[in-house]
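K.L.:
Data: upload31.txt, compact mmCIF, C-alpha atoms.
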# COMPACT_ATOMS: atom_id res chain seq x y z
CA MET A 18 -102.47 110.93 77.63
CA ILE A 19 -101.38 113.71 75.27
CA ASN A 20 -97.80 114.89 74.95
CA LYS A 21 -98.00 118.67 74.87
CA THR A 22 -94.28 119.13 74.32
CA GLU A 23 -94.57 118.88 70.52
CA PRO A 24 -95.27 122.43 69.23
CA LYS A 25 -97.87 121.51 66.59
CA LEU A 26 -99.70 119.21 68.99
CA GLU A 27 -99.63 121.84 71.70
CA THR A 28 -101.28 124.33 69.34
CA ILE A 29 -103.89 121.78 68.27
CA TYR A 30 -104.62 120.90 71.88
CA ALA A 31 -105.21 124.56 72.78
CA LEU A 32 -107.57 125.03 69.83
CA LEU A 33 -109.38 121.85 70.72
CA ASP A 34 -109.84 122.78 74.36
CA GLU A 35 -111.57 125.99 73.31
CA ILE A 36 -113.95 124.27 70.89
CA VAL A 37 -114.79 121.44 73.29
CA ASP A 38 -115.38 123.73 76.28
CA GLN A 39 -117.38 126.37 74.41
CA THR A 40 -119.29 124.37 71.79
CA ILE A 41 -119.07 120.57 71.88
CA ALA A 42 -119.50 119.78 75.58
CA PRO A 43 -122.39 122.22 76.21
CA SER A 44 -124.44 120.88 73.29
CA ALA A 45 -123.80 117.14 73.70
CA ASP A 46 -126.82 116.20 75.84
CA ARG A 47 -129.23 118.14 73.64
CA LEU A 48 -127.82 116.55 70.47
CA ASP A 49 -128.59 113.15 71.96
CA ARG A 50 -132.04 113.96 73.31
CA GLU A 51 -133.26 115.66 70.14
CA LYS A 52 -131.19 113.64 67.63
CA ILE A 53 -129.60 116.80 66.30
CA PHE A 54 -126.79 116.40 63.79
CA PRO A 55 -123.64 118.17 65.13
CA LYS A 56 -123.15 120.46 62.14
CA ALA A 57 -122.34 123.43 64.38
CA ASN A 58 -119.54 121.40 65.97
CA MET A 59 -118.12 120.51 62.56
CA GLN A 60 -118.24 124.17 61.55
CA GLU A 61 -116.28 125.21 64.64
CA LEU A 62 -113.70 122.51 64.00
CA ALA A 63 -113.36 123.83 60.45
CA VAL A 64 -112.84 127.39 61.66
CA LYS A 65 -109.84 126.19 63.67
CA GLY A 66 -108.47 124.23 60.71
CA LEU A 67 -108.97 120.85 62.36
CA ASN A 68 -111.12 119.34 59.62
CA GLY A 69 -108.06 119.32 57.38
CA ILE A 70 -105.81 117.76 59.97
CA LEU A 71 -104.30 115.18 57.57
CA LEU A 72 -104.31 117.38 54.49
CA PRO A 73 -101.20 119.21 53.24
CA GLU A 74 -100.75 122.95 53.60
CA HIS A 75 -101.27 123.66 49.89
CA LEU A 76 -104.85 122.34 50.29
CA GLY A 77 -105.41 124.43 53.40
CA GLY A 78 -104.69 121.59 55.81
CA LEU A 79 -102.51 121.24 58.89
CA HIS A 80 -100.55 118.18 57.70
CA ALA A 81 -100.38 117.19 61.36
CA GLY A 82 -100.41 113.41 61.00
CA PHE A 83 -102.43 110.52 62.34
CA LYS A 84 -101.39 111.04 65.96
CA ALA A 85 -102.87 114.54 65.93
CA PHE A 86 -106.04 113.24 64.27
CA SER A 87 -106.36 110.56 66.95
CA ILE A 88 -105.90 113.12 69.71
CA VAL A 89 -108.69 115.30 68.29
CA ALA A 90 -111.11 112.37 67.92
CA GLU A 91 -110.30 111.18 71.45
CA LYS A 92 -110.83 114.59 73.05
CA ILE A 93 -114.09 115.27 71.20
CA ALA A 94 -115.50 111.87 72.15
CA SER A 95 -114.79 112.38 75.84
CA HIS A 96 -117.82 114.68 75.71
CA CYS A 97 -119.69 113.82 72.51
CA PRO A 98 -119.03 110.48 70.79
CA SER A 99 -121.53 111.38 68.05
CA THR A 100 -119.35 114.29 66.96
CA GLY A 101 -116.25 112.13 67.31
CA LEU A 102 -117.66 109.61 64.84
CA VAL A 103 -118.83 112.28 62.38
CA TYR A 104 -115.36 113.81 62.54
CA THR A 105 -113.69 110.43 62.01
CA MET A 106 -115.75 109.64 58.91
CA HIS A 107 -115.06 113.08 57.45
CA VAL A 108 -111.32 112.74 57.96
CA GLU A 109 -111.41 109.28 56.35
CA ALA A 110 -113.29 110.63 53.31
CA ALA A 111 -110.97 113.62 52.89
CA ASP A 112 -107.91 111.41 53.28
CA ALA A 113 -109.18 109.04 50.56
CA ILE A 114 -109.52 111.92 48.11
CA TYR A 115 -106.06 113.20 49.03
CA ARG A 116 -104.39 109.80 48.62
CA PHE A 117 -106.23 108.56 45.54
CA GLY A 118 -107.75 111.61 43.90
CA THR A 119 -106.50 113.64 40.96
CA LYS A 120 -105.14 117.13 41.45
CA GLU A 121 -108.42 118.50 40.11
CA GLN A 122 -110.45 116.41 42.60
CA GLN A 123 -108.25 117.54 45.47
CA GLU A 124 -108.67 121.18 44.52
CA LYS A 125 -112.43 120.89 44.06
CA TRP A 126 -113.37 118.80 47.09
CA LEU A 127 -110.67 119.44 49.70
CA LYS A 128 -109.89 123.14 49.53
CA PRO A 129 -113.43 124.05 50.73
CA VAL A 130 -112.99 121.82 53.81
CA GLN A 131 -111.56 124.70 55.83
CA GLU A 132 -114.68 126.71 55.02
CA GLY A 133 -116.86 124.10 56.72
CA TYR A 134 -117.37 121.71 53.81
CA PHE A 135 -117.28 118.13 55.07
CA GLY A 136 -117.79 114.62 53.78
CA THR A 137 -118.23 111.01 54.75
CA THR A 138 -117.78 107.52 53.35
CA SER A 139 -120.66 105.23 52.39
CA THR A 140 -119.79 101.56 52.07
CA SER A 141 -121.87 98.98 53.93
CA GLU A 142 -124.82 97.16 52.39
CA ARG A 143 -127.46 95.05 54.07
CA THR A 144 -126.67 92.04 51.90
CA SER A 145 -123.10 91.68 53.23
CA GLY A 146 -123.69 92.37 56.92
CA GLY A 147 -120.69 93.50 58.94
CA ARG A 148 -118.27 93.09 56.04
CA TYR A 149 -118.79 96.68 54.94
CA TRP A 150 -116.11 96.38 52.24
CA ILE A 151 -118.14 93.79 50.29
CA ASN A 152 -120.78 95.10 47.86
CA THR A 153 -123.40 93.32 45.79
CA SER A 154 -124.39 96.53 44.02
CA ARG A 155 -122.75 97.45 40.70
CA ALA A 156 -122.11 100.74 38.94
CA LYS A 157 -123.40 101.09 35.40
CA ARG A 158 -121.43 102.85 32.67
CA THR A 159 -123.10 105.64 30.69
CA PRO A 160 -121.81 107.73 27.76
CA ASP A 161 -120.89 110.53 30.18
CA GLY A 162 -119.74 108.50 33.14
CA TYR A 163 -121.70 106.23 35.47
CA GLU A 164 -125.14 105.63 36.91
CA LEU A 165 -125.60 104.38 40.47
CA ASN A 166 -128.70 102.60 41.76
CA LEU A 167 -128.08 101.20 45.21
CA GLU A 168 -128.81 101.44 48.91
CA LYS A 169 -126.28 101.74 51.71
CA SER A 170 -127.39 100.53 55.11
CA PHE A 171 -125.34 102.72 57.49
CA THR A 172 -123.85 106.03 56.38
CA THR A 173 -122.67 108.42 59.09
CA SER A 174 -123.77 112.01 58.37
CA SER A 175 -126.41 110.71 55.96
CA GLY A 176 -128.46 113.66 54.76
CA PHE A 177 -126.00 116.23 56.09
CA ALA A 178 -122.63 115.67 54.39
CA ASP A 179 -121.54 117.95 51.55
CA PHE A 180 -120.00 115.01 49.71
CA TYR A 181 -120.12 111.23 49.92
CA ILE A 182 -117.38 108.77 48.99
CA VAL A 183 -119.55 105.89 47.79
CA GLN A 184 -118.18 102.38 47.30
CA THR A 185 -119.78 99.89 44.91
CA GLY A 186 -118.88 97.05 42.58
CA SER A 187 -117.21 98.03 39.31
CA PRO A 188 -119.45 97.79 36.22
CA ASP A 189 -118.03 94.46 35.02
CA ALA A 190 -117.09 93.07 38.44
CA SER A 191 -117.02 89.30 38.75
CA THR A 192 -115.14 89.17 42.06
CA THR A 193 -115.85 90.79 45.42
CA ASP A 194 -112.62 92.80 45.38
CA ASP A 195 -113.39 94.51 42.06
CA ILE A 196 -114.86 97.66 43.56
CA SER A 197 -114.80 101.35 42.67
CA TYR A 198 -115.31 104.58 44.57
CA PHE A 199 -117.23 107.64 43.41
CA ILE A 200 -117.46 111.17 44.82
CA ILE A 201 -121.11 112.22 45.04
CA GLU A 202 -122.28 115.78 45.64
CA GLY A 203 -124.51 115.99 48.71
CA THR A 204 -127.09 118.03 46.78
CA ASN A 205 -127.53 115.37 44.08
CA PRO A 206 -131.30 115.00 43.48
CA GLY A 207 -131.03 111.22 43.29
CA LEU A 208 -130.03 110.90 46.94
CA SER A 209 -132.52 110.05 49.67
CA TYR A 210 -132.01 109.23 53.33
CA GLY A 211 -133.56 107.05 55.99
CA SER A 212 -134.33 108.02 59.58
CA TRP A 213 -131.86 107.44 62.40
CA ASP A 214 -133.46 105.82 65.42
CA ALA A 215 -130.73 104.27 67.51
CA LEU A 216 -129.84 103.24 71.04
CA GLY A 217 -126.79 105.49 71.24
CA VAL A 218 -124.66 108.02 69.31
CA ARG A 219 -127.98 109.49 68.26
CA GLY A 220 -126.45 112.63 66.77
CA ASN A 221 -124.32 110.99 64.09
CA HIS A 222 -127.25 110.10 61.81
CA SER A 223 -125.87 106.83 60.44
CA SER A 224 -129.01 106.12 58.46
CA SER A 225 -129.50 104.47 55.10
CA LEU A 226 -128.44 106.26 51.94
CA THR A 227 -130.29 105.47 48.72
CA LEU A 228 -128.97 106.41 45.28
CA ASN A 229 -131.69 106.38 42.63
CA SER A 230 -130.43 106.87 39.06
CA VAL A 231 -127.59 109.05 40.33
CA GLN A 232 -125.54 110.29 37.40
CA VAL A 233 -121.82 110.51 38.12
CA PRO A 234 -119.47 112.24 35.66
CA LYS A 235 -116.23 110.44 34.78
CA GLU A 236 -114.19 113.02 36.68
CA ASN A 237 -115.88 111.93 39.93
CA LEU A 238 -114.47 108.41 39.79
CA LEU A 239 -111.96 108.19 42.65
CA GLY A 240 -108.89 106.42 41.38
CA SER A 241 -109.50 104.05 38.50
CA GLU A 242 -112.17 101.41 38.02
CA GLY A 243 -111.40 98.51 40.31
CA SER A 244 -108.93 100.42 42.50
CA GLY A 245 -111.29 100.33 45.47
CA ARG A 246 -109.51 97.36 47.01
CA ALA A 247 -106.41 99.49 47.54
CA ILE A 248 -108.51 102.25 49.13
CA VAL A 249 -110.02 99.76 51.60
CA GLU A 250 -106.77 98.02 52.45
CA THR A 251 -104.76 101.20 53.02
CA SER A 252 -107.37 103.03 55.08
CA ILE A 253 -106.07 104.10 58.49
CA ALA A 254 -108.33 106.90 59.70
CA TYR A 255 -111.42 104.73 60.13
CA LEU A 256 -110.11 102.10 62.55
CA LEU A 257 -107.77 104.54 64.32
CA GLY A 258 -110.64 106.99 64.67
CA LEU A 259 -112.96 104.36 66.13
CA GLY A 260 -110.35 103.26 68.67
CA SER A 261 -109.69 106.89 69.59
CA VAL A 262 -113.39 107.65 70.02
CA TRP A 263 -113.96 104.73 72.39
CA THR A 264 -110.81 105.61 74.34
CA GLY A 265 -112.03 109.19 74.67
CA LEU A 266 -115.46 108.01 75.79
CA ALA A 267 -113.83 105.78 78.42
CA GLY A 268 -111.96 108.81 79.74
CA GLY A 269 -115.17 110.83 79.88
CA ILE A 270 -116.85 108.09 81.92
CA ILE A 271 -113.88 107.98 84.32
CA ASP A 272 -114.14 111.74 84.87
CA ILE A 273 -117.84 111.52 85.71
CA VAL A 274 -117.65 108.58 88.08
CA THR A 275 -114.56 109.88 89.90
CA GLU A 276 -116.29 113.17 90.64
CA TYR A 277 -119.39 111.30 91.76
CA VAL A 278 -117.41 109.22 94.25
CA LYS A 279 -115.70 112.33 95.62
CA ARG A 280 -118.79 114.45 96.15
CA ASN A 281 -121.45 111.99 97.33
CA HIS A 282 -122.07 111.02 100.96
CA HIS A 283 -124.37 108.69 102.84
CA HIS A 284 -125.42 111.00 105.64
CA ASP A 285 -127.28 108.26 107.49
CA VAL A 286 -123.99 106.54 108.34
CA GLY A 287 -121.68 109.53 107.98
CA LYS A 288 -119.65 108.06 105.12
CA SER A 289 -118.65 109.26 101.68
CA LEU A 290 -118.76 106.82 98.79
CA GLY A 291 -114.98 106.82 98.85
CA ASP A 292 -115.07 105.32 102.35
CA TYR A 293 -116.38 102.02 100.97
CA GLN A 294 -113.71 99.55 99.93
CA VAL A 295 -115.90 98.04 97.24
CA ILE A 296 -116.41 101.46 95.63
CA ARG A 297 -112.69 102.26 95.73
CA SER A 298 -111.90 98.87 94.23
CA LEU A 299 -114.37 99.33 91.37
CA LEU A 300 -113.07 102.83 90.64
CA ALA A 301 -109.47 101.62 90.61
CA LYS A 302 -110.44 98.78 88.27
CA ALA A 303 -112.00 101.24 85.81
CA VAL A 304 -109.04 103.63 85.97
CA ILE A 305 -106.54 100.81 85.37
CA LYS A 306 -108.50 99.66 82.31
CA HIS A 307 -108.50 103.21 80.95
CA LYS A 308 -104.76 103.60 81.53
CA GLY A 309 -104.19 100.42 79.57
CA LEU A 310 -106.27 101.80 76.72
CA THR A 311 -104.43 105.12 76.56
CA ALA A 312 -101.02 103.46 76.76
CA TRP A 313 -101.78 101.21 73.80
CA LEU A 314 -103.33 104.06 71.81
CA ASN A 315 -100.30 106.29 72.38
CA GLN A 316 -97.98 103.52 71.23
CA LEU A 317 -100.12 102.71 68.20
CA ARG A 318 -100.51 106.25 66.88
CA ASP A 319 -96.81 106.98 67.38
CA LYS A 320 -95.99 103.81 65.42
CA ILE A 321 -98.32 104.81 62.57
CA ASP A 322 -96.82 108.28 62.20
CA GLN A 323 -93.31 106.86 62.37
CA GLN A 324 -93.98 104.40 59.57
CA PHE A 325 -95.27 107.22 57.38
CA LYS A 326 -92.29 109.43 58.20
CA ASN A 327 -90.04 106.62 57.04
CA GLY A 328 -91.56 107.05 53.61
CA SER A 329 -93.20 103.66 53.23
CA GLY A 330 -96.63 105.16 52.58
CA LYS A 331 -98.30 102.11 54.11
CA LEU A 332 -98.47 100.23 57.37
CA SER A 333 -96.74 96.97 58.15
CA ILE A 334 -98.92 93.87 58.44
CA ALA A 335 -98.26 93.82 62.19
CA THR A 336 -99.47 97.41 62.59
CA GLN A 337 -102.57 96.72 60.51
CA GLN A 338 -103.35 93.84 62.84
CA ASP A 339 -102.75 96.12 65.82
CA LEU A 340 -105.28 98.60 64.43
CA LEU A 341 -107.93 95.92 64.14
CA SER A 342 -107.02 94.50 67.56
CA PHE A 343 -107.26 97.92 69.15
CA LYS A 344 -110.71 98.55 67.68
CA ILE A 345 -111.88 95.35 69.38
CA TYR A 346 -110.13 96.06 72.67
CA ALA A 347 -111.19 99.70 72.91
CA SER A 348 -114.86 99.01 72.27
CA ASP A 349 -114.93 96.04 74.65
CA THR A 350 -113.10 97.98 77.35
CA VAL A 351 -115.25 101.11 77.20
CA ASN A 352 -118.29 98.89 77.75
CA GLU A 353 -116.64 97.29 80.77
CA ILE A 354 -115.83 100.73 82.16
CA ALA A 355 -119.39 101.91 81.50
CA GLN A 356 -120.76 98.93 83.44
CA ILE A 357 -118.40 99.60 86.36
CA ALA A 358 -119.55 103.22 86.40
CA MET A 359 -123.17 102.10 86.50
CA ASP A 360 -122.38 99.75 89.39
CA ILE A 361 -120.73 102.59 91.32
CA THR A 362 -123.42 105.20 90.70
CA GLY A 363 -126.47 102.95 90.99
CA GLY A 364 -129.77 104.69 90.48
CA TYR A 365 -128.07 108.03 89.72
CA GLY A 366 -126.27 106.54 86.74
CA TYR A 367 -129.42 104.80 85.56
CA LYS A 368 -131.37 108.06 85.32
CA ILE A 369 -131.37 109.96 82.03
CA GLY A 370 -128.24 112.06 81.97
CA LYS A 371 -124.63 112.15 80.87
CA LEU A 372 -123.59 108.79 82.26
CA GLU A 373 -126.71 107.09 80.93
CA ARG A 374 -125.96 108.63 77.53
CA PHE A 375 -122.38 107.42 77.62
CA TYR A 376 -123.56 103.93 78.61
CA ARG A 377 -125.75 103.80 75.49
CA ASP A 378 -123.09 105.35 73.26
CA ALA A 379 -120.55 102.73 74.28
CA ARG A 380 -122.69 99.91 72.89
CA ALA A 381 -122.18 101.16 69.33
CA GLY A 382 -118.51 100.26 69.35
CA ILE A 383 -119.14 96.52 69.58
CA VAL A 384 -121.39 96.34 66.51
CA MET A 385 -119.76 99.02 64.38
CA GLY A 386 -118.20 97.35 61.35
CA PRO A 387 -116.38 95.15 61.46
CA SER A 388 -118.30 93.96 64.52
CA ASN A 389 -116.07 92.64 67.27
CA ASN A 390 -117.00 89.01 66.65
CA LEU A 391 -116.25 89.34 62.94
CA ALA A 392 -113.05 91.31 63.62
CA ARG A 393 -111.79 88.62 65.99
CA GLU A 394 -112.45 85.98 63.32
CA ILE A 395 -110.54 87.98 60.70
CA LEU A 396 -107.63 88.55 63.08
CA ALA A 397 -107.48 84.91 64.20
CA ASN A 398 -107.51 83.68 60.59
CA GLN A 399 -104.53 85.91 59.88
CA LEU A 400 -102.62 84.94 63.01
CA ILE A 401 -102.84 81.19 62.48
CA GLY A 402 -102.42 81.33 58.73
CA ILE A 403 -105.85 80.23 57.57
CA SER A 404 -106.32 83.32 55.41
CA ASP A 405 -105.32 86.95 55.23
CA ASP A 406 -107.86 87.64 52.48
CA LEU A 407 -110.68 89.99 53.43
CA TRP A 408 -112.51 89.27 50.20
CA GLY A 409 -113.32 85.59 50.44
CA GLU A 410 -116.06 83.84 52.38
CA THR A 411 -115.83 83.97 56.17
CA SER A 412 -117.04 81.17 58.45
What does this structure look like when you write it as C-alpha cells?

P.N.:
Amino acid sequence: MINKTEPKLETIYALLDEIVDQTIAPSADRLDREKIFPKANMQELAVKGLNGILLPEHLGGLHAGFKAFSIVAEKIASHCPSTGLVYTMHVEAADAIYRFGTKEQQEKWLKPVQEGYFGTTSTSERTSGGRYWINTSRAKRTPDGYELNLEKSFTTSSGFADFYIVQTGSPDASTTDDISYFIIEGTNPGLSYGSWDALGVRGNHSSSLTLNSVQVPKENLLGSEGSGRAIVETSIAYLLGLGSVWTGLAGGIIDIVTEYVKRNHHHDVGKSLGDYQVIRSLLAKAVIKHKGLTAWLNQLRDKIDQQFKNGSGKLSIATQQDLLSFKIYASDTVNEIAQIAMDITGGYGYKIGKLERFYRDARAGIVMGPSNNLAREILANQLIGISDDLWGETS
C-alpha cells in the first residue's frame, strides 16, 4: 500500500497513474506477444522525471529516495513486469554512476536521463552461473585506456540501452573480488547482442551482450580499478527493485482474479463463483499472502530511506539480509499467488491472456540472480556464521 500523505510521493503517484493508465497498461499484452522492448514506456517515464528518481536536483533528478523508486517499480509491474525490470536496471545503473562516478561522468551520462536517455548494468557471465558478481573475464590495459573482450549472459535492455555499466575483472586481478566497472556507449561498434526467447517477461530483452575489442577511454572507468567490490556490496536498487516488481505483479494478479470471481456465474446451477466456499477460501489465501508482501515491503523501504537520512550512506548488515530475504520471499510468493489464481480461474486463466502472461512472468523471479536456491544458501551461511563472504566458493 502507498502512503499518499507525503507531498512528493503524492505527486509521483499522480504522475505514475497517468503513465500507467495511458501508456504502460494498454501496451503490455502486445509487448509480450511480439517481444517488443518497452522503449516508449521508458520515454514517458522520462518525460515525467521518473527516470531520475534517485538522482539529485542539480542533475535533473527528483531526489525522491528508495521508497519512491520502489513505489514506481511496484506500480509499473502490476501491469507490465517487463517494463518494471527495465526500469529497475536503469535506476541501478544511474545510481551507480551517481554514487561512484566523477563529476564529469555524472554530467555526461546522467543529465540526459530526463531527455529519455537510459542505461542498464551488465554483470553475469555463463562461467559463474547465478553468482552474477563473479567474473572470469578480464579487462586489458591499452595506452589510451582499456580494451574489453567478453560476453555477458543476461543483460536487461540488451541492444536498446543508451549506456551499459559493464563489470569485469581488473587487468591484473588474481582474486574474484578484484573487479572494475566501465561505462560503455550503447552505439559502440564492438557491441553485439543475442536474441531474447524466454518463457516470461518477454519485453525486457535480457539477452547476451558481447564486447569484441571494445575500446574504453580512461575517463569511462567507473570508480578506480578494483573498486567494483564496493559497487556490488552497496547496491540497493537491484534487489529492492526486484522485490518491488514481484510485489506489484502479485497485486496485479489479485486484481484480475478478484474481478473474475465477482463477475462470473454458473448459470446451470444459478451460482456465482463467489458462492463456492472453496473459491472464497482460495481468494482469501491469495489476498492474505499479498498483504503480507506489501506490509514487509513498506517496512523495508521505509527502513532503507531512514538509514540514508541518518547519514550513514550504507545499509546495516541486518537490512542487507532483509533485502536478500525479501527478494526470495517476494518471488516465491508471487508464484504461489499465480498458481492460486490459475486454480480459481481454470480454463479461462490457462488461455492466452493477461493472467496467463502474469503466470509466465512470475517464474522469472525464482531464477533471476541470485536464484532463490543460491540466495537462501548465502543467507543461511551468514545467519549461522559459516561465511559472510560473497566472493569465495559456495557449496

K.L.:
Counting all atoms listed in the file, which residues of range 222-268 of chain A fall within 7 Å of range 188-211 of chain A, and what is the closest atom pair for each with its distance in Å at one decimal, ordered by chain and rising number, as JSON lines?

P.N.:
{"residue": "A:Ser224", "atom": "CA", "partner": "A:Gly211", "partner_atom": "CA", "distance": 5.3}
{"residue": "A:Ser225", "atom": "CA", "partner": "A:Gly211", "partner_atom": "CA", "distance": 4.9}
{"residue": "A:Leu226", "atom": "CA", "partner": "A:Tyr210", "partner_atom": "CA", "distance": 4.8}
{"residue": "A:Thr227", "atom": "CA", "partner": "A:Ser209", "partner_atom": "CA", "distance": 5.2}
{"residue": "A:Leu228", "atom": "CA", "partner": "A:Leu208", "partner_atom": "CA", "distance": 4.9}
{"residue": "A:Asn229", "atom": "CA", "partner": "A:Gly207", "partner_atom": "CA", "distance": 4.9}
{"residue": "A:Ser230", "atom": "CA", "partner": "A:Gly207", "partner_atom": "CA", "distance": 6.1}
{"residue": "A:Val231", "atom": "CA", "partner": "A:Gly207", "partner_atom": "CA", "distance": 5.0}
{"residue": "A:Asn237", "atom": "CA", "partner": "A:Ile200", "partner_atom": "CA", "distance": 5.2}
{"residue": "A:Leu238", "atom": "CA", "partner": "A:Phe199", "partner_atom": "CA", "distance": 4.6}
{"residue": "A:Leu239", "atom": "CA", "partner": "A:Tyr198", "partner_atom": "CA", "distance": 5.3}
{"residue": "A:Glu242", "atom": "CA", "partner": "A:Ser197", "partner_atom": "CA", "distance": 5.3}
{"residue": "A:Gly243", "atom": "CA", "partner": "A:Asp195", "partner_atom": "CA", "distance": 4.8}
{"residue": "A:Ser244", "atom": "CA", "partner": "A:Ser197", "partner_atom": "CA", "distance": 5.9}
{"residue": "A:Gly245", "atom": "CA", "partner": "A:Ser197", "partner_atom": "CA", "distance": 4.6}
{"residue": "A:Arg246", "atom": "CA", "partner": "A:Asp194", "partner_atom": "CA", "distance": 5.8}

K.L.:
Export C-alpha atoms of the chosen residues as a PDB file, in the coordinates of the input?

P.N.:
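Writing the result to again14.pdb gives the following:
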ATOM      1  CA  SER A 224    -129.010 106.120  58.460  1.00  0.00           C
ATOM      2  CA  SER A 225    -129.500 104.470  55.100  1.00  0.00           C
ATOM      3  CA  LEU A 226    -128.440 106.260  51.940  1.00  0.00           C
ATOM      4  CA  THR A 227    -130.290 105.470  48.720  1.00  0.00           C
ATOM      5  CA  LEU A 228    -128.970 106.410  45.280  1.00  0.00           C
ATOM      6  CA  ASN A 229    -131.690 106.380  42.630  1.00  0.00           C
ATOM      7  CA  SER A 230    -130.430 106.870  39.060  1.00  0.00           C
ATOM      8  CA  VAL A 231    -127.590 109.050  40.330  1.00  0.00           C
ATOM      9  CA  ASN A 237    -115.880 111.930  39.930  1.00  0.00           C
ATOM     10  CA  LEU A 238    -114.470 108.410  39.790  1.00  0.00           C
ATOM     11  CA  LEU A 239    -111.960 108.190  42.650  1.00  0.00           C
ATOM     12  CA  GLU A 242    -112.170 101.410  38.020  1.00  0.00           C
ATOM     13  CA  GLY A 243    -111.400  98.510  40.310  1.00  0.00           C
ATOM     14  CA  SER A 244    -108.930 100.420  42.500  1.00  0.00           C
ATOM     15  CA  GLY A 245    -111.290 100.330  45.470  1.00  0.00           C
ATOM     16  CA  ARG A 246    -109.510  97.360  47.010  1.00  0.00           C
TER      17      ARG A 246
END

K.L.:
Just checking: using all atoms listed in the file, which residue out of A:Gly366, A:Gly269, A:Gly382, A:Pro43 ends up closest to Ala347 in chain A?

P.N.:
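Of all the options, A:Gly382 lies closest to Ala347 in chain A.
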
K.L.:
Can you pull out every residue within 9 Å of Ile273 in chain A, counting all atoms listed in the file, but drop anything in the same chain fewer than 4 positions away, and send it as a PDB file with C-alpha atoms, in the coordinates of the input?

P.N.:
ATOM      1  CA  GLY A 268    -111.960 108.810  79.740  1.00  0.00           C
ATOM      2  CA  GLY A 269    -115.170 110.830  79.880  1.00  0.00           C
ATOM      3  CA  TYR A 277    -119.390 111.300  91.760  1.00  0.00           C
ATOM      4  CA  VAL A 278    -117.410 109.220  94.250  1.00  0.00           C
ATOM      5  CA  ALA A 358    -119.550 103.220  86.400  1.00  0.00           C
ATOM      6  CA  LYS A 371    -124.630 112.150  80.870  1.00  0.00           C
ATOM      7  CA  LEU A 372    -123.590 108.790  82.260  1.00  0.00           C
TER       8      LEU A 372
END

K.L.:
Using all atoms listed in the file, which of the listed residues (A:Ala63, A:Glu236, A:Arg318, A:Phe171) sits closest to Glu121 in chain A?

P.N.:
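Among the listed residues, A:Glu236 lies closest to Glu121 in chain A.
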
K.L.:
Kindly give the distance, in Å, that separates CA of Met359 in chain A and CA of His307 in chain A, rounded to a single decimal.

P.N.:
15.7 Å

K.L.:
Using only C-alpha atoms, which residue out of A:Leu127, A:Glu394, A:Asn58, A:Phe325 lies closest to Ile114 in chain A?

P.N.:
A:Leu127

K.L.:
Contacts between range 48-51 of chain A and range 258-373 of chain A, please, where a residue of range 258-373 of chain A counts if it comes within 12 Å (with all atoms listed in the file); show its shortest atom pair and distance in Å to one decimal, rows by chain and ascending number, as CSV.

P.N.:
residue,atom,partner,partner_atom,distance
A:Ile369,CA,A:Arg50,CA,9.6
A:Gly370,CA,A:Arg50,CA,9.6
A:Lys371,CA,A:Asp49,CA,9.8
A:Glu373,CA,A:Asp49,CA,11.0

K.L.:
Could you please determine the separation between CA of Ser139 in chain A and CA of Ala94 in chain A in Å, to one decimal place?

P.N.:
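Separation between CA of Ser139 in chain A and CA of Ala94 in chain A: 21.5 Å.
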
K.L.:
In Å, rounded to a single decimal, give me how far CA of Ala42 in chain A is from CA of Leu26 in chain A.

P.N.:
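Going from CA of Leu26 in chain A over to CA of Ala42 in chain A covers 20.9 Å.
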
K.L.:
Would you please work out which residue, of A:Ile41, A:Ala110, A:Leu396, A:Ile361, is nearest to Ala335 in chain A when using all atoms listed in the file?

P.N.:
A:Leu396

K.L.:
My list of candidates is A:Ala90, A:Ala156, A:Ile357, A:Met106. Which is closest to Ser298 in chain A when distances are computed with all atoms listed in the file?

P.N.:
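Under the stated criterion, the closest residue is A:Ile357.
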
K.L.:
Find the residue from A:Asp360, A:Glu353, A:Glu61, A:Asp378 that sits nearest to Ile305 in chain A; use all atoms listed in the file when measuring.

P.N.:
A:Glu353

K.L.:
Mind listing as a VMD selection string all residues within 10 Å of (-110.0, 103.1, 68.6), counting only C-alpha atoms?

P.N.:
chain A and resid 87 90 to 91 254 to 265 310 to 311 313 to 314 317 340 to 348 382

K.L.:
List as a CSV table (one decimal) with C-alpha atoms, in the frame of the given file the protein and nucleic acid residues near Pro55 in chain A, meaning an atom at most 9 Å away when only C-alpha atoms are counted, but skip any in the same chain fewer than 6 places from it.

P.N.:
chain,number,residue,atom,x,y,z
A,41,ILE,CA,-119.1,120.6,71.9
A,44,SER,CA,-124.4,120.9,73.3
A,45,ALA,CA,-123.8,117.1,73.7
A,48,LEU,CA,-127.8,116.6,70.5
A,99,SER,CA,-121.5,111.4,68.0
A,100,THR,CA,-119.4,114.3,67.0
A,103,VAL,CA,-118.8,112.3,62.4
A,220,GLY,CA,-126.4,112.6,66.8
A,221,ASN,CA,-124.3,111.0,64.1
